[in-house]
Structures are given as C-alpha cells and as structure tokens.
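Structure file data-v6.pdb (PDB, C-alpha atoms and all ligand atoms) is printed below.
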```
MODEL        1
ATOM      1  CA  MET A   1       1.272 -26.918  35.437  1.00  0.00           C
ATOM      2  CA  GLY A   2      -0.878 -24.896  37.837  1.00  0.00           C
ATOM      3  CA  LYS A   3      -4.541 -25.705  37.993  1.00  0.00           C
ATOM      4  CA  PRO A   4      -6.871 -23.473  35.992  1.00  0.00           C
ATOM      5  CA  LEU A   5      -8.620 -20.850  38.049  1.00  0.00           C
ATOM      6  CA  ILE A   6     -10.810 -17.819  37.459  1.00  0.00           C
ATOM      7  CA  ALA A   7     -11.358 -15.315  40.251  1.00  0.00           C
ATOM      8  CA  GLY A   8     -13.732 -12.350  40.443  1.00  0.00           C
ATOM      9  CA  ASN A   9     -12.861  -9.455  42.740  1.00  0.00           C
ATOM     10  CA  TRP A  10     -16.068  -7.506  43.396  1.00  0.00           C
ATOM     11  CA  LYS A  11     -14.119  -4.855  45.341  1.00  0.00           C
ATOM     12  CA  MET A  12     -16.277  -2.363  47.317  1.00  0.00           C
ATOM     13  CA  HIS A  13     -19.194  -2.451  44.889  1.00  0.00           C
ATOM     14  CA  GLY A  14     -22.871  -3.208  45.200  1.00  0.00           C
ATOM     15  CA  THR A  15     -25.528  -3.756  47.810  1.00  0.00           C
ATOM     16  CA  ALA A  16     -26.651  -6.872  49.655  1.00  0.00           C
ATOM     17  CA  GLU A  17     -29.333  -7.288  47.022  1.00  0.00           C
ATOM     18  CA  SER A  18     -27.015  -6.911  44.024  1.00  0.00           C
ATOM     19  CA  ALA A  19     -24.517  -9.341  45.609  1.00  0.00           C
ATOM     20  CA  ARG A  20     -27.283 -11.926  46.079  1.00  0.00           C
ATOM     21  CA  LYS A  21     -28.451 -11.396  42.505  1.00  0.00           C
ATOM     22  CA  LEU A  22     -24.979 -11.811  41.015  1.00  0.00           C
ATOM     23  CA  ALA A  23     -24.296 -14.923  43.113  1.00  0.00           C
ATOM     24  CA  THR A  24     -27.627 -16.424  42.049  1.00  0.00           C
ATOM     25  CA  GLN A  25     -26.922 -15.771  38.362  1.00  0.00           C
ATOM     26  CA  LEU A  26     -23.459 -17.320  38.631  1.00  0.00           C
ATOM     27  CA  SER A  27     -24.733 -20.396  40.468  1.00  0.00           C
ATOM     28  CA  GLN A  28     -27.426 -20.916  37.821  1.00  0.00           C
ATOM     29  CA  HIS A  29     -24.956 -20.748  34.952  1.00  0.00           C
ATOM     30  CA  ARG A  30     -21.881 -22.471  36.342  1.00  0.00           C
ATOM     31  CA  SER A  31     -21.681 -26.131  35.495  1.00  0.00           C
ATOM     32  CA  GLN A  32     -20.690 -28.539  38.279  1.00  0.00           C
ATOM     33  CA  ASP A  33     -18.138 -30.160  35.964  1.00  0.00           C
ATOM     34  CA  ALA A  34     -16.403 -26.980  34.778  1.00  0.00           C
ATOM     35  CA  VAL A  35     -12.655 -27.556  34.544  1.00  0.00           C
ATOM     36  CA  ALA A  36     -11.432 -24.311  36.071  1.00  0.00           C
ATOM     37  CA  GLU A  37     -12.187 -23.471  39.679  1.00  0.00           C
ATOM     38  CA  MET A  38     -14.254 -20.300  39.964  1.00  0.00           C
ATOM     39  CA  ILE A  39     -13.889 -18.050  43.005  1.00  0.00           C
ATOM     40  CA  VAL A  40     -15.764 -14.871  43.884  1.00  0.00           C
ATOM     41  CA  PHE A  41     -14.535 -12.240  46.323  1.00  0.00           C
ATOM     42  CA  PRO A  42     -17.584 -10.269  47.540  1.00  0.00           C
ATOM     43  CA  PRO A  43     -17.357  -7.346  49.964  1.00  0.00           C
ATOM     44  CA  LEU A  44     -16.864  -8.784  53.454  1.00  0.00           C
ATOM     45  CA  LEU A  45     -20.338  -7.915  54.693  1.00  0.00           C
ATOM     46  CA  HIS A  46     -21.964  -9.843  51.837  1.00  0.00           C
ATOM     47  CA  ILE A  47     -19.941 -13.034  52.276  1.00  0.00           C
ATOM     48  CA  PRO A  48     -22.480 -14.890  54.488  1.00  0.00           C
ATOM     49  CA  ALA A  49     -25.371 -14.305  52.042  1.00  0.00           C
ATOM     50  CA  VAL A  50     -23.244 -15.180  49.004  1.00  0.00           C
ATOM     51  CA  SER A  51     -21.893 -18.223  50.812  1.00  0.00           C
ATOM     52  CA  ASP A  52     -25.448 -19.499  51.424  1.00  0.00           C
ATOM     53  CA  ILE A  53     -26.398 -19.005  47.784  1.00  0.00           C
ATOM     54  CA  LEU A  54     -23.266 -20.735  46.470  1.00  0.00           C
ATOM     55  CA  ALA A  55     -23.299 -23.565  49.031  1.00  0.00           C
ATOM     56  CA  THR A  56     -24.546 -26.165  46.553  1.00  0.00           C
ATOM     57  CA  SER A  57     -22.640 -24.770  43.556  1.00  0.00           C
ATOM     58  CA  SER A  58     -19.072 -25.482  42.486  1.00  0.00           C
ATOM     59  CA  ILE A  59     -18.109 -21.823  43.018  1.00  0.00           C
ATOM     60  CA  SER A  60     -15.707 -21.030  45.859  1.00  0.00           C
ATOM     61  CA  ILE A  61     -15.689 -17.925  48.029  1.00  0.00           C
ATOM     62  CA  GLY A  62     -12.835 -15.707  49.061  1.00  0.00           C
ATOM     63  CA  ALA A  63     -12.298 -12.500  51.024  1.00  0.00           C
ATOM     64  CA  GLN A  64     -10.576  -9.381  49.744  1.00  0.00           C
ATOM     65  CA  ASN A  65      -8.508  -8.788  52.856  1.00  0.00           C
ATOM     66  CA  VAL A  66      -7.510 -10.385  56.166  1.00  0.00           C
ATOM     67  CA  SER A  67      -5.851  -9.311  59.376  1.00  0.00           C
ATOM     68  CA  GLN A  68      -2.293 -10.367  60.031  1.00  0.00           C
ATOM     69  CA  TYR A  69      -3.352 -11.104  63.628  1.00  0.00           C
ATOM     70  CA  SER A  70      -5.251 -14.193  64.687  1.00  0.00           C
ATOM     71  CA  ASN A  71      -7.560 -12.739  67.355  1.00  0.00           C
ATOM     72  CA  GLY A  72      -7.755 -10.186  70.157  1.00  0.00           C
ATOM     73  CA  ALA A  73      -7.983  -6.444  70.611  1.00  0.00           C
ATOM     74  CA  TYR A  74      -7.716  -5.347  66.958  1.00  0.00           C
ATOM     75  CA  THR A  75     -10.757  -3.157  66.425  1.00  0.00           C
ATOM     76  CA  GLY A  76     -12.189  -3.330  62.930  1.00  0.00           C
ATOM     77  CA  GLU A  77     -10.106  -6.287  61.823  1.00  0.00           C
ATOM     78  CA  VAL A  78     -11.225  -9.718  60.613  1.00  0.00           C
ATOM     79  CA  SER A  79      -9.085 -12.789  61.178  1.00  0.00           C
ATOM     80  CA  ALA A  80      -8.414 -15.666  58.811  1.00  0.00           C
ATOM     81  CA  GLU A  81     -10.150 -18.023  61.268  1.00  0.00           C
ATOM     82  CA  MET A  82     -13.294 -15.865  60.983  1.00  0.00           C
ATOM     83  CA  LEU A  83     -13.104 -15.998  57.191  1.00  0.00           C
ATOM     84  CA  LEU A  84     -12.771 -19.771  57.286  1.00  0.00           C
ATOM     85  CA  ASP A  85     -15.739 -19.944  59.635  1.00  0.00           C
ATOM     86  CA  GLN A  86     -17.812 -18.065  57.020  1.00  0.00           C
ATOM     87  CA  GLY A  87     -16.897 -20.478  54.253  1.00  0.00           C
ATOM     88  CA  CYS A  88     -13.967 -18.634  52.680  1.00  0.00           C
ATOM     89  CA  LYS A  89     -11.492 -20.940  50.972  1.00  0.00           C
ATOM     90  CA  TYR A  90      -9.281 -18.124  49.616  1.00  0.00           C
ATOM     91  CA  VAL A  91      -8.184 -14.607  50.517  1.00  0.00           C
ATOM     92  CA  LEU A  92      -6.466 -11.895  48.470  1.00  0.00           C
ATOM     93  CA  VAL A  93      -3.305 -10.546  50.048  1.00  0.00           C
ATOM     94  CA  GLY A  94      -1.241  -7.655  48.754  1.00  0.00           C
ATOM     95  CA  HIS A  95      -3.760  -6.361  46.223  1.00  0.00           C
ATOM     96  CA  SER A  96      -2.268  -3.180  44.775  1.00  0.00           C
ATOM     97  CA  GLU A  97      -5.162  -1.131  46.175  1.00  0.00           C
ATOM     98  CA  ARG A  98      -4.296  -2.380  49.677  1.00  0.00           C
ATOM     99  CA  ARG A  99      -0.622  -1.626  49.106  1.00  0.00           C
ATOM    100  CA  ALA A 100      -1.168   1.836  47.568  1.00  0.00           C
ATOM    101  CA  VAL A 101      -4.262   3.181  49.343  1.00  0.00           C
ATOM    102  CA  PHE A 102      -3.857   1.518  52.735  1.00  0.00           C
ATOM    103  CA  GLY A 103      -0.070   1.533  52.885  1.00  0.00           C
ATOM    104  CA  GLU A 104       0.446  -2.201  53.283  1.00  0.00           C
ATOM    105  CA  SER A 105       4.155  -2.958  53.134  1.00  0.00           C
ATOM    106  CA  ASP A 106       5.768  -6.129  51.789  1.00  0.00           C
ATOM    107  CA  GLN A 107       6.235  -7.175  55.431  1.00  0.00           C
ATOM    108  CA  THR A 108       2.551  -6.700  56.318  1.00  0.00           C
ATOM    109  CA  VAL A 109       1.510  -8.564  53.180  1.00  0.00           C
ATOM    110  CA  ALA A 110       3.818 -11.428  54.164  1.00  0.00           C
ATOM    111  CA  GLU A 111       2.292 -11.517  57.661  1.00  0.00           C
ATOM    112  CA  LYS A 112      -1.220 -11.606  56.208  1.00  0.00           C
ATOM    113  CA  PHE A 113      -0.149 -14.418  53.898  1.00  0.00           C
ATOM    114  CA  ARG A 114       1.172 -16.381  56.890  1.00  0.00           C
ATOM    115  CA  ALA A 115      -1.971 -15.742  58.970  1.00  0.00           C
ATOM    116  CA  ALA A 116      -4.169 -17.018  56.141  1.00  0.00           C
ATOM    117  CA  GLN A 117      -2.164 -20.183  55.573  1.00  0.00           C
ATOM    118  CA  ASN A 118      -1.906 -20.912  59.295  1.00  0.00           C
ATOM    119  CA  ALA A 119      -5.715 -20.814  59.500  1.00  0.00           C
ATOM    120  CA  GLY A 120      -6.193 -23.022  56.431  1.00  0.00           C
ATOM    121  CA  VAL A 121      -7.257 -20.276  54.030  1.00  0.00           C
ATOM    122  CA  ILE A 122      -5.392 -20.225  50.698  1.00  0.00           C
ATOM    123  CA  PRO A 123      -3.771 -16.844  50.048  1.00  0.00           C
ATOM    124  CA  ILE A 124      -3.740 -15.365  46.566  1.00  0.00           C
ATOM    125  CA  LEU A 125      -0.643 -13.181  46.651  1.00  0.00           C
ATOM    126  CA  CYS A 126      -0.990 -10.174  44.342  1.00  0.00           C
ATOM    127  CA  VAL A 127       2.169  -8.622  42.948  1.00  0.00           C
ATOM    128  CA  GLY A 128       2.891  -6.085  40.246  1.00  0.00           C
ATOM    129  CA  GLU A 129       4.780  -3.009  39.212  1.00  0.00           C
ATOM    130  CA  SER A 130       3.648   0.597  38.798  1.00  0.00           C
ATOM    131  CA  PHE A 131       3.795   2.371  35.459  1.00  0.00           C
ATOM    132  CA  SER A 132       6.957   4.272  36.382  1.00  0.00           C
ATOM    133  CA  GLN A 133       8.652   1.086  37.577  1.00  0.00           C
ATOM    134  CA  ARG A 134       7.894  -0.515  34.192  1.00  0.00           C
ATOM    135  CA  GLN A 135       9.255   2.535  32.408  1.00  0.00           C
ATOM    136  CA  GLN A 136      12.446   2.221  34.453  1.00  0.00           C
ATOM    137  CA  ASP A 137      12.723  -1.432  33.412  1.00  0.00           C
ATOM    138  CA  ALA A 138      12.334  -2.496  37.039  1.00  0.00           C
ATOM    139  CA  THR A 139       9.318  -4.798  36.603  1.00  0.00           C
ATOM    140  CA  LEU A 140      11.007  -8.141  37.194  1.00  0.00           C
ATOM    141  CA  GLU A 141      12.999  -6.797  40.133  1.00  0.00           C
ATOM    142  CA  VAL A 142       9.898  -5.289  41.815  1.00  0.00           C
ATOM    143  CA  VAL A 143       7.844  -8.457  41.418  1.00  0.00           C
ATOM    144  CA  ALA A 144      10.693 -10.689  42.610  1.00  0.00           C
ATOM    145  CA  LYS A 145      11.151  -8.504  45.697  1.00  0.00           C
ATOM    146  CA  GLN A 146       7.439  -8.639  46.568  1.00  0.00           C
ATOM    147  CA  ILE A 147       7.523 -12.435  46.349  1.00  0.00           C
ATOM    148  CA  SER A 148      10.848 -12.714  48.213  1.00  0.00           C
ATOM    149  CA  ALA A 149       9.381 -10.844  51.188  1.00  0.00           C
ATOM    150  CA  VAL A 150       6.855 -13.659  51.599  1.00  0.00           C
ATOM    151  CA  ILE A 151       9.402 -16.414  50.962  1.00  0.00           C
ATOM    152  CA  ASP A 152      11.637 -14.893  53.653  1.00  0.00           C
ATOM    153  CA  LEU A 153       8.824 -15.130  56.211  1.00  0.00           C
ATOM    154  CA  VAL A 154       7.160 -18.462  55.408  1.00  0.00           C
ATOM    155  CA  GLY A 155       9.610 -20.330  53.167  1.00  0.00           C
ATOM    156  CA  LEU A 156       9.544 -21.236  49.501  1.00  0.00           C
ATOM    157  CA  ASP A 157       7.410 -24.377  49.829  1.00  0.00           C
ATOM    158  CA  LYS A 158       4.559 -22.498  51.491  1.00  0.00           C
ATOM    159  CA  VAL A 159       4.610 -19.838  48.783  1.00  0.00           C
ATOM    160  CA  CYS A 160       4.484 -22.548  46.139  1.00  0.00           C
ATOM    161  CA  GLN A 161       1.335 -23.941  47.801  1.00  0.00           C
ATOM    162  CA  SER A 162      -0.468 -20.624  47.330  1.00  0.00           C
ATOM    163  CA  VAL A 163      -1.698 -18.830  44.231  1.00  0.00           C
ATOM    164  CA  ILE A 164       0.167 -15.842  42.819  1.00  0.00           C
ATOM    165  CA  ALA A 165      -1.558 -13.171  40.752  1.00  0.00           C
ATOM    166  CA  TYR A 166       0.580 -10.890  38.606  1.00  0.00           C
ATOM    167  CA  GLU A 167      -1.333  -7.625  38.315  1.00  0.00           C
ATOM    168  CA  PRO A 168       0.519  -4.671  36.808  1.00  0.00           C
ATOM    169  CA  VAL A 169      -0.736  -1.668  38.786  1.00  0.00           C
ATOM    170  CA  TRP A 170      -1.079   0.423  35.618  1.00  0.00           C
ATOM    171  CA  ALA A 171      -3.499  -2.150  34.195  1.00  0.00           C
ATOM    172  CA  ILE A 172      -5.882  -2.413  37.152  1.00  0.00           C
ATOM    173  CA  GLY A 173      -9.198  -0.728  36.501  1.00  0.00           C
ATOM    174  CA  THR A 174      -7.683   1.391  33.739  1.00  0.00           C
ATOM    175  CA  GLY A 175      -8.740  -0.462  30.593  1.00  0.00           C
ATOM    176  CA  GLU A 176      -5.013  -0.926  29.826  1.00  0.00           C
ATOM    177  CA  THR A 177      -3.874  -4.537  29.676  1.00  0.00           C
ATOM    178  CA  ALA A 178      -0.409  -6.029  29.596  1.00  0.00           C
ATOM    179  CA  SER A 179       0.188  -7.626  26.226  1.00  0.00           C
ATOM    180  CA  PRO A 180       0.222 -11.424  26.334  1.00  0.00           C
ATOM    181  CA  GLU A 181       4.023 -11.268  25.806  1.00  0.00           C
ATOM    182  CA  GLN A 182       4.544  -8.768  28.643  1.00  0.00           C
ATOM    183  CA  ALA A 183       2.405 -10.869  30.970  1.00  0.00           C
ATOM    184  CA  GLN A 184       4.091 -14.135  29.983  1.00  0.00           C
ATOM    185  CA  GLU A 185       7.551 -12.629  30.565  1.00  0.00           C
ATOM    186  CA  VAL A 186       6.667 -11.814  34.177  1.00  0.00           C
ATOM    187  CA  HIS A 187       4.893 -15.117  34.767  1.00  0.00           C
ATOM    188  CA  ALA A 188       7.901 -17.020  33.439  1.00  0.00           C
ATOM    189  CA  ALA A 189      10.185 -15.045  35.766  1.00  0.00           C
ATOM    190  CA  ILE A 190       7.921 -15.875  38.730  1.00  0.00           C
ATOM    191  CA  ARG A 191       7.961 -19.549  37.741  1.00  0.00           C
ATOM    192  CA  THR A 192      11.774 -19.429  37.629  1.00  0.00           C
ATOM    193  CA  GLN A 193      11.941 -17.732  41.029  1.00  0.00           C
ATOM    194  CA  LEU A 194       9.767 -20.469  42.553  1.00  0.00           C
ATOM    195  CA  GLY A 195      11.981 -23.214  41.115  1.00  0.00           C
ATOM    196  CA  LYS A 196      11.021 -26.877  40.952  1.00  0.00           C
ATOM    197  CA  ALA A 197       8.385 -26.646  43.687  1.00  0.00           C
ATOM    198  CA  GLY A 198       6.638 -23.900  41.729  1.00  0.00           C
ATOM    199  CA  ARG A 199       6.022 -25.905  38.579  1.00  0.00           C
ATOM    200  CA  SER A 200       2.485 -26.684  39.727  1.00  0.00           C
ATOM    201  CA  THR A 201       1.788 -23.347  41.440  1.00  0.00           C
ATOM    202  CA  THR A 202      -1.224 -21.569  39.970  1.00  0.00           C
ATOM    203  CA  LEU A 203      -0.260 -18.212  38.444  1.00  0.00           C
ATOM    204  CA  LEU A 204      -2.982 -15.744  37.477  1.00  0.00           C
ATOM    205  CA  TYR A 205      -2.931 -12.592  35.391  1.00  0.00           C
ATOM    206  CA  GLY A 206      -5.028  -9.595  36.430  1.00  0.00           C
ATOM    207  CA  GLY A 207      -5.486  -6.113  35.004  1.00  0.00           C
ATOM    208  CA  SER A 208      -8.491  -5.100  32.883  1.00  0.00           C
ATOM    209  CA  VAL A 209      -9.172  -8.654  31.718  1.00  0.00           C
ATOM    210  CA  ASN A 210     -12.324  -8.872  29.596  1.00  0.00           C
ATOM    211  CA  LYS A 211     -13.796 -11.332  27.160  1.00  0.00           C
ATOM    212  CA  GLY A 212     -11.983  -9.611  24.284  1.00  0.00           C
ATOM    213  CA  ASN A 213      -8.434  -9.925  25.619  1.00  0.00           C
ATOM    214  CA  ALA A 214      -8.671 -12.989  27.892  1.00  0.00           C
ATOM    215  CA  ALA A 215      -8.164 -15.710  25.266  1.00  0.00           C
ATOM    216  CA  GLU A 216      -4.677 -14.578  24.221  1.00  0.00           C
ATOM    217  CA  LEU A 217      -3.585 -13.992  27.816  1.00  0.00           C
ATOM    218  CA  PHE A 218      -4.801 -17.391  29.023  1.00  0.00           C
ATOM    219  CA  LYS A 219      -3.051 -19.157  26.126  1.00  0.00           C
ATOM    220  CA  GLN A 220       0.350 -18.178  27.507  1.00  0.00           C
ATOM    221  CA  PRO A 221       2.235 -21.169  28.896  1.00  0.00           C
ATOM    222  CA  ASP A 222       2.748 -19.808  32.418  1.00  0.00           C
ATOM    223  CA  ILE A 223      -0.674 -18.180  32.871  1.00  0.00           C
ATOM    224  CA  ASN A 224      -3.176 -20.519  34.527  1.00  0.00           C
ATOM    225  CA  GLY A 225      -6.132 -18.160  34.722  1.00  0.00           C
ATOM    226  CA  GLY A 226      -7.252 -14.702  35.701  1.00  0.00           C
ATOM    227  CA  LEU A 227      -8.086 -12.360  38.550  1.00  0.00           C
ATOM    228  CA  VAL A 228     -10.846 -10.147  37.190  1.00  0.00           C
ATOM    229  CA  GLY A 229     -12.177  -6.959  38.767  1.00  0.00           C
ATOM    230  CA  GLY A 230     -14.660  -4.796  36.853  1.00  0.00           C
ATOM    231  CA  ALA A 231     -15.669  -7.492  34.368  1.00  0.00           C
ATOM    232  CA  SER A 232     -16.593  -9.907  37.180  1.00  0.00           C
ATOM    233  CA  LEU A 233     -19.534  -7.720  38.238  1.00  0.00           C
ATOM    234  CA  GLU A 234     -21.589  -8.802  35.262  1.00  0.00           C
ATOM    235  CA  ALA A 235     -22.492 -12.501  35.272  1.00  0.00           C
ATOM    236  CA  ASP A 236     -22.481 -13.092  31.491  1.00  0.00           C
ATOM    237  CA  GLU A 237     -19.182 -11.317  30.951  1.00  0.00           C
ATOM    238  CA  PHE A 238     -17.522 -13.198  33.822  1.00  0.00           C
ATOM    239  CA  MET A 239     -18.890 -16.523  32.567  1.00  0.00           C
ATOM    240  CA  ASN A 240     -17.548 -15.792  29.087  1.00  0.00           C
ATOM    241  CA  ILE A 241     -14.114 -15.031  30.512  1.00  0.00           C
ATOM    242  CA  ALA A 242     -14.237 -18.218  32.634  1.00  0.00           C
ATOM    243  CA  GLN A 243     -14.890 -20.301  29.539  1.00  0.00           C
ATOM    244  CA  LEU A 244     -11.725 -18.921  27.970  1.00  0.00           C
ATOM    245  CA  VAL A 245      -9.617 -20.305  30.835  1.00  0.00           C
ATOM    246  CA  GLU A 246     -10.868 -23.716  29.861  1.00  0.00           C
ATOM    247  CA  ALA A 247     -10.571 -23.353  26.083  1.00  0.00           C
TER     248      ALA A 247
HETATM  249  C1  LIG B   1      -8.429  -6.416  40.329  1.00  0.00           C
HETATM  250  O1  LIG B   1      -9.198  -5.817  41.053  1.00  0.00           O
HETATM  251  O2  LIG B   1      -7.650  -7.246  40.805  1.00  0.00           O
HETATM  252  C2  LIG B   1      -8.449  -6.156  38.889  1.00  0.00           C
HETATM  253  C3  LIG B   1      -7.620  -6.793  38.115  1.00  0.00           C
HETATM  254  O3  LIG B   1      -9.367  -5.217  38.440  1.00  0.00           O
HETATM  255  P1  LIG B   1      -9.755  -4.901  36.910  1.00  0.00           P
HETATM  256  O4  LIG B   1     -10.016  -6.234  36.233  1.00  0.00           O
HETATM  257  O5  LIG B   1     -10.973  -4.063  36.980  1.00  0.00           O
HETATM  258  O6  LIG B   1      -8.590  -4.220  36.286  1.00  0.00           O
ENDMDL
END
```
Would you give me this structure, written as structure tokens?
Amino acid sequence: MGKPLIAGNWKMHGTAESARKLATQLSQHRSQDAVAEMIVFPPLLHIPAVSDILATSSISIGAQNVSQYSNGAYTGEVSAEMLLDQGCKYVLVGHSERRAVFGESDQTVAEKFRAAQNAGVIPILCVGESFSQRQQDATLEVVAKQISAVIDLVGLDKVCQSVIAYEPVWAIGTGETASPEQAQEVHAAIRTQLGKAGRSTTLLYGGSVNKGNAAELFKQPDINGGLVGGASLEADEFMNIAQLVEA
C-alpha cells in the first residue's frame, strides 16, 4: 500500500505576501503527528520564503517544474540540484499544463523525471487522458504509454520509487471530477503496470478535488491521496481535504 499523501499545487497564483500567509496558516493548523504527508508546491519564486515558514512544520515543499539538465548554459531554467538546495523534497513532472501549454513530450517528461531522481528530489509523475481520448476509450492506453516512456528511460524500479498522480486532463480546473469508479479503474491499471515493485508506490488522484468529493475518491483501494490545485489555495479547504486522506 502506498503511503498517504496530500499535495497542493498553487500553480502561478498569488503574491509573495499571499504565499507567506497561506504557508503560515497551514503550519499553524497542521499537526506534527498527522498520518498523511502534506506537500505544497508554491510558485518557484516563493519557495525560499515558504520554505523558511514551514521549516519547523511537518509540511514538505515541492516545485512545479524542473529542468531536464543539471547545470550550464540553459537560460531561464532551474535544475533539480537548485531545488534541493532550496529545501524541495518533491517536484511535479509532466503536469498536463506543462504537456499541453509548454509542449513537453513524454521524452522530455522522462528526462525531467530522471534529472530529479538523480539529484535526490522525488518526482511526482502526472499522467492523464484528454476528454476526447476518454471518449475514444483510449484512457488506459494513453496513461500506460505516458508511464512506459519513463520506465523505458529509468527502469521500472525507479518509477516505483516515485509518486504517480493520475489527473484526467478534462477534470483539471474544470469542476468536473472523475467518478470514484473511473479513478479507481485507472489507478488499478497503473498498479498492474508497475507489478510487484509497485505495490507500495504512492498513487494520487487529481482533478477538481474538493472537500465534497474527496472522501469517496480517497476510499478507493488504489488511491493513496490527492493532488489538489484550486482547493489548495484556501487553508481551511485544503486542511479539510487532507483530513479525508487520513479518515
Ligand atoms: C492540478 O493542478 O494538478 C489540479 C488537479 O488542479 P485542480 O484541483 O484545480 O483541478
């Protein structure tokens, strides 16, 4: 069984002040003995301030993106070593917004995954199908292919040591959520693809999770927690969702 985890993707929202405020509220409310690990993914520029605020809390920090390169003449990029240096334990790779808006291919995502792991940062590999792919009954094939691209580059064991987030593209930021059955079907298929080594891999669901739909999703046998976007920007709502991972 994967370990319970709740992750909040703040995306490109907020100011330095609002990031500090949200981090402070979370650190005040999060118990040190909470069962699930909580991670926040602030905008890159706000990571140092958030990292300072959360230093004595049990909340981990992650980045929303990473370069596939380790250092050198790559203007505008940030390496996994730099993220580690700023206190990041995790990094998102292959978020659907990176794939769709910034054209990241399965190969680039796999290289980013490898760069993160090589530096000692745990990648959270995001996978998921578009609405038209679901309509064409291609969901399981699309997700398996996205995961296979990473397995081909780094090997199955390394993928099993990461976290995988199933996030149907049509459910991200839309208010639409996969039903618990739809989500479980994909999570079970991912578990099967990973084989024996993947029995303890943490698998998250993401896509318009809120405190109203989280309980049923997190009850599914192959769902170990959630990757939450919009609802993670409000401390009370995110805390309520986190409690449901532990229920
Ligand atoms: C996300 O950004 O990964 C996400 C799932 O967003 P939202 O919860 O807003 O759909």
Evaluated on this file, the PyMOL selection byres (((chain A and resi 150) around 10) and not hetatm) picks out some residues - which ones are they, written as a ChimeraX atom specification? /A:106-114,125,145-149,151-156,158-159
Around ligand LIG 1 (chain B), out to 10 Å and counting all atoms listed in the file, which residues are there? I want them as a ChimeraX atom specification. /A:7-11,41,64,92,95-97,126,165-177,205-210,226-233
Restrict the selected residues to C-alpha atoms and save them as a JSON list (two decimals), in the frame of the given file.
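Contents of part-v4.json, freshly written:
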```
[["chain", "number", "residue", "atom", "x", "y", "z"],
["A", 7, "ALA", "CA", -11.36, -15.32, 40.25],
["A", 8, "GLY", "CA", -13.73, -12.35, 40.44],
["A", 9, "ASN", "CA", -12.86, -9.46, 42.74],
["A", 10, "TRP", "CA", -16.07, -7.51, 43.40],
["A", 11, "LYS", "CA", -14.12, -4.86, 45.34],
["A", 41, "PHE", "CA", -14.54, -12.24, 46.32],
["A", 64, "GLN", "CA", -10.58, -9.38, 49.74],
["A", 92, "LEU", "CA", -6.47, -11.90, 48.47],
["A", 95, "HIS", "CA", -3.76, -6.36, 46.22],
["A", 96, "SER", "CA", -2.27, -3.18, 44.78],
["A", 97, "GLU", "CA", -5.16, -1.13, 46.18],
["A", 126, "CYS", "CA", -0.99, -10.17, 44.34],
["A", 165, "ALA", "CA", -1.56, -13.17, 40.75],
["A", 166, "TYR", "CA", 0.58, -10.89, 38.61],
["A", 167, "GLU", "CA", -1.33, -7.62, 38.32],
["A", 168, "PRO", "CA", 0.52, -4.67, 36.81],
["A", 169, "VAL", "CA", -0.74, -1.67, 38.79],
["A", 170, "TRP", "CA", -1.08, 0.42, 35.62],
["A", 171, "ALA", "CA", -3.50, -2.15, 34.20],
["A", 172, "ILE", "CA", -5.88, -2.41, 37.15],
["A", 173, "GLY", "CA", -9.20, -0.73, 36.50],
["A", 174, "THR", "CA", -7.68, 1.39, 33.74],
["A", 175, "GLY", "CA", -8.74, -0.46, 30.59],
["A", 176, "GLU", "CA", -5.01, -0.93, 29.83],
["A", 177, "THR", "CA", -3.87, -4.54, 29.68],
["A", 205, "TYR", "CA", -2.93, -12.59, 35.39],
["A", 206, "GLY", "CA", -5.03, -9.60, 36.43],
["A", 207, "GLY", "CA", -5.49, -6.11, 35.00],
["A", 208, "SER", "CA", -8.49, -5.10, 32.88],
["A", 209, "VAL", "CA", -9.17, -8.65, 31.72],
["A", 210, "ASN", "CA", -12.32, -8.87, 29.60],
["A", 226, "GLY", "CA", -7.25, -14.70, 35.70],
["A", 227, "LEU", "CA", -8.09, -12.36, 38.55],
["A", 228, "VAL", "CA", -10.85, -10.15, 37.19],
["A", 229, "GLY", "CA", -12.18, -6.96, 38.77],
["A", 230, "GLY", "CA", -14.66, -4.80, 36.85],
["A", 231, "ALA", "CA", -15.67, -7.49, 34.37],
["A", 232, "SER", "CA", -16.59, -9.91, 37.18],
["A", 233, "LEU", "CA", -19.53, -7.72, 38.24]]
```
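Put simply, atom CA of Pro123 of chain A is 5.7 Å away from atom CA of Ser162 of chain A.
Distance-wise, atom CA of Val91 of chain A and atom CA of Gln117 of chain A end up 9.6 Å apart.
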In Å, how far is it from atom CA of Asp222 of chain A to atom CA of Leu203 of chain A? 6.9 Å
May I have the residues within 9 Å of segment 26-40 of chain A as a PyMOL selection string, using all atoms listed in the file and disregarding those fewer than 6 positions away in the same chain? chain A and resi 3-10+53-54+56-63+89-90+225+232+235-236+238-239+242-243+245-246
For the residues in that selection, give me C-alpha atoms as a PDB file, in the coordinates of the input.
```pdb
ATOM      1  CA  LYS A   3      -4.541 -25.705  37.993  1.00  0.00           C
ATOM      2  CA  PRO A   4      -6.871 -23.473  35.992  1.00  0.00           C
ATOM      3  CA  LEU A   5      -8.620 -20.850  38.049  1.00  0.00           C
ATOM      4  CA  ILE A   6     -10.810 -17.819  37.459  1.00  0.00           C
ATOM      5  CA  ALA A   7     -11.358 -15.315  40.251  1.00  0.00           C
ATOM      6  CA  GLY A   8     -13.732 -12.350  40.443  1.00  0.00           C
ATOM      7  CA  ASN A   9     -12.861  -9.455  42.740  1.00  0.00           C
ATOM      8  CA  TRP A  10     -16.068  -7.506  43.396  1.00  0.00           C
ATOM      9  CA  ILE A  53     -26.398 -19.005  47.784  1.00  0.00           C
ATOM     10  CA  LEU A  54     -23.266 -20.735  46.470  1.00  0.00           C
ATOM     11  CA  THR A  56     -24.546 -26.165  46.553  1.00  0.00           C
ATOM     12  CA  SER A  57     -22.640 -24.770  43.556  1.00  0.00           C
ATOM     13  CA  SER A  58     -19.072 -25.482  42.486  1.00  0.00           C
ATOM     14  CA  ILE A  59     -18.109 -21.823  43.018  1.00  0.00           C
ATOM     15  CA  SER A  60     -15.707 -21.030  45.859  1.00  0.00           C
ATOM     16  CA  ILE A  61     -15.689 -17.925  48.029  1.00  0.00           C
ATOM     17  CA  GLY A  62     -12.835 -15.707  49.061  1.00  0.00           C
ATOM     18  CA  ALA A  63     -12.298 -12.500  51.024  1.00  0.00           C
ATOM     19  CA  LYS A  89     -11.492 -20.940  50.972  1.00  0.00           C
ATOM     20  CA  TYR A  90      -9.281 -18.124  49.616  1.00  0.00           C
ATOM     21  CA  GLY A 225      -6.132 -18.160  34.722  1.00  0.00           C
ATOM     22  CA  SER A 232     -16.593  -9.907  37.180  1.00  0.00           C
ATOM     23  CA  ALA A 235     -22.492 -12.501  35.272  1.00  0.00           C
ATOM     24  CA  ASP A 236     -22.481 -13.092  31.491  1.00  0.00           C
ATOM     25  CA  PHE A 238     -17.522 -13.198  33.822  1.00  0.00           C
ATOM     26  CA  MET A 239     -18.890 -16.523  32.567  1.00  0.00           C
ATOM     27  CA  ALA A 242     -14.237 -18.218  32.634  1.00  0.00           C
ATOM     28  CA  GLN A 243     -14.890 -20.301  29.539  1.00  0.00           C
ATOM     29  CA  VAL A 245      -9.617 -20.305  30.835  1.00  0.00           C
ATOM     30  CA  GLU A 246     -10.868 -23.716  29.861  1.00  0.00           C
TER      31      GLU A 246
END
```
Result set of the PyMOL selection byres (((chain A and resi 218-220) around 9) and not hetatm) on the coordinates above, as a list in words: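 Applying the expression gives Pro180, Glu181, Ala183, Gln184, Leu204, Tyr205, Asn213, Ala214, Ala215, Glu216, Leu217, Pro221, Asp222, Ile223, Asn224, Gly225, Gly226, Leu244, Val245, Glu246 and Ala247 of chain A.
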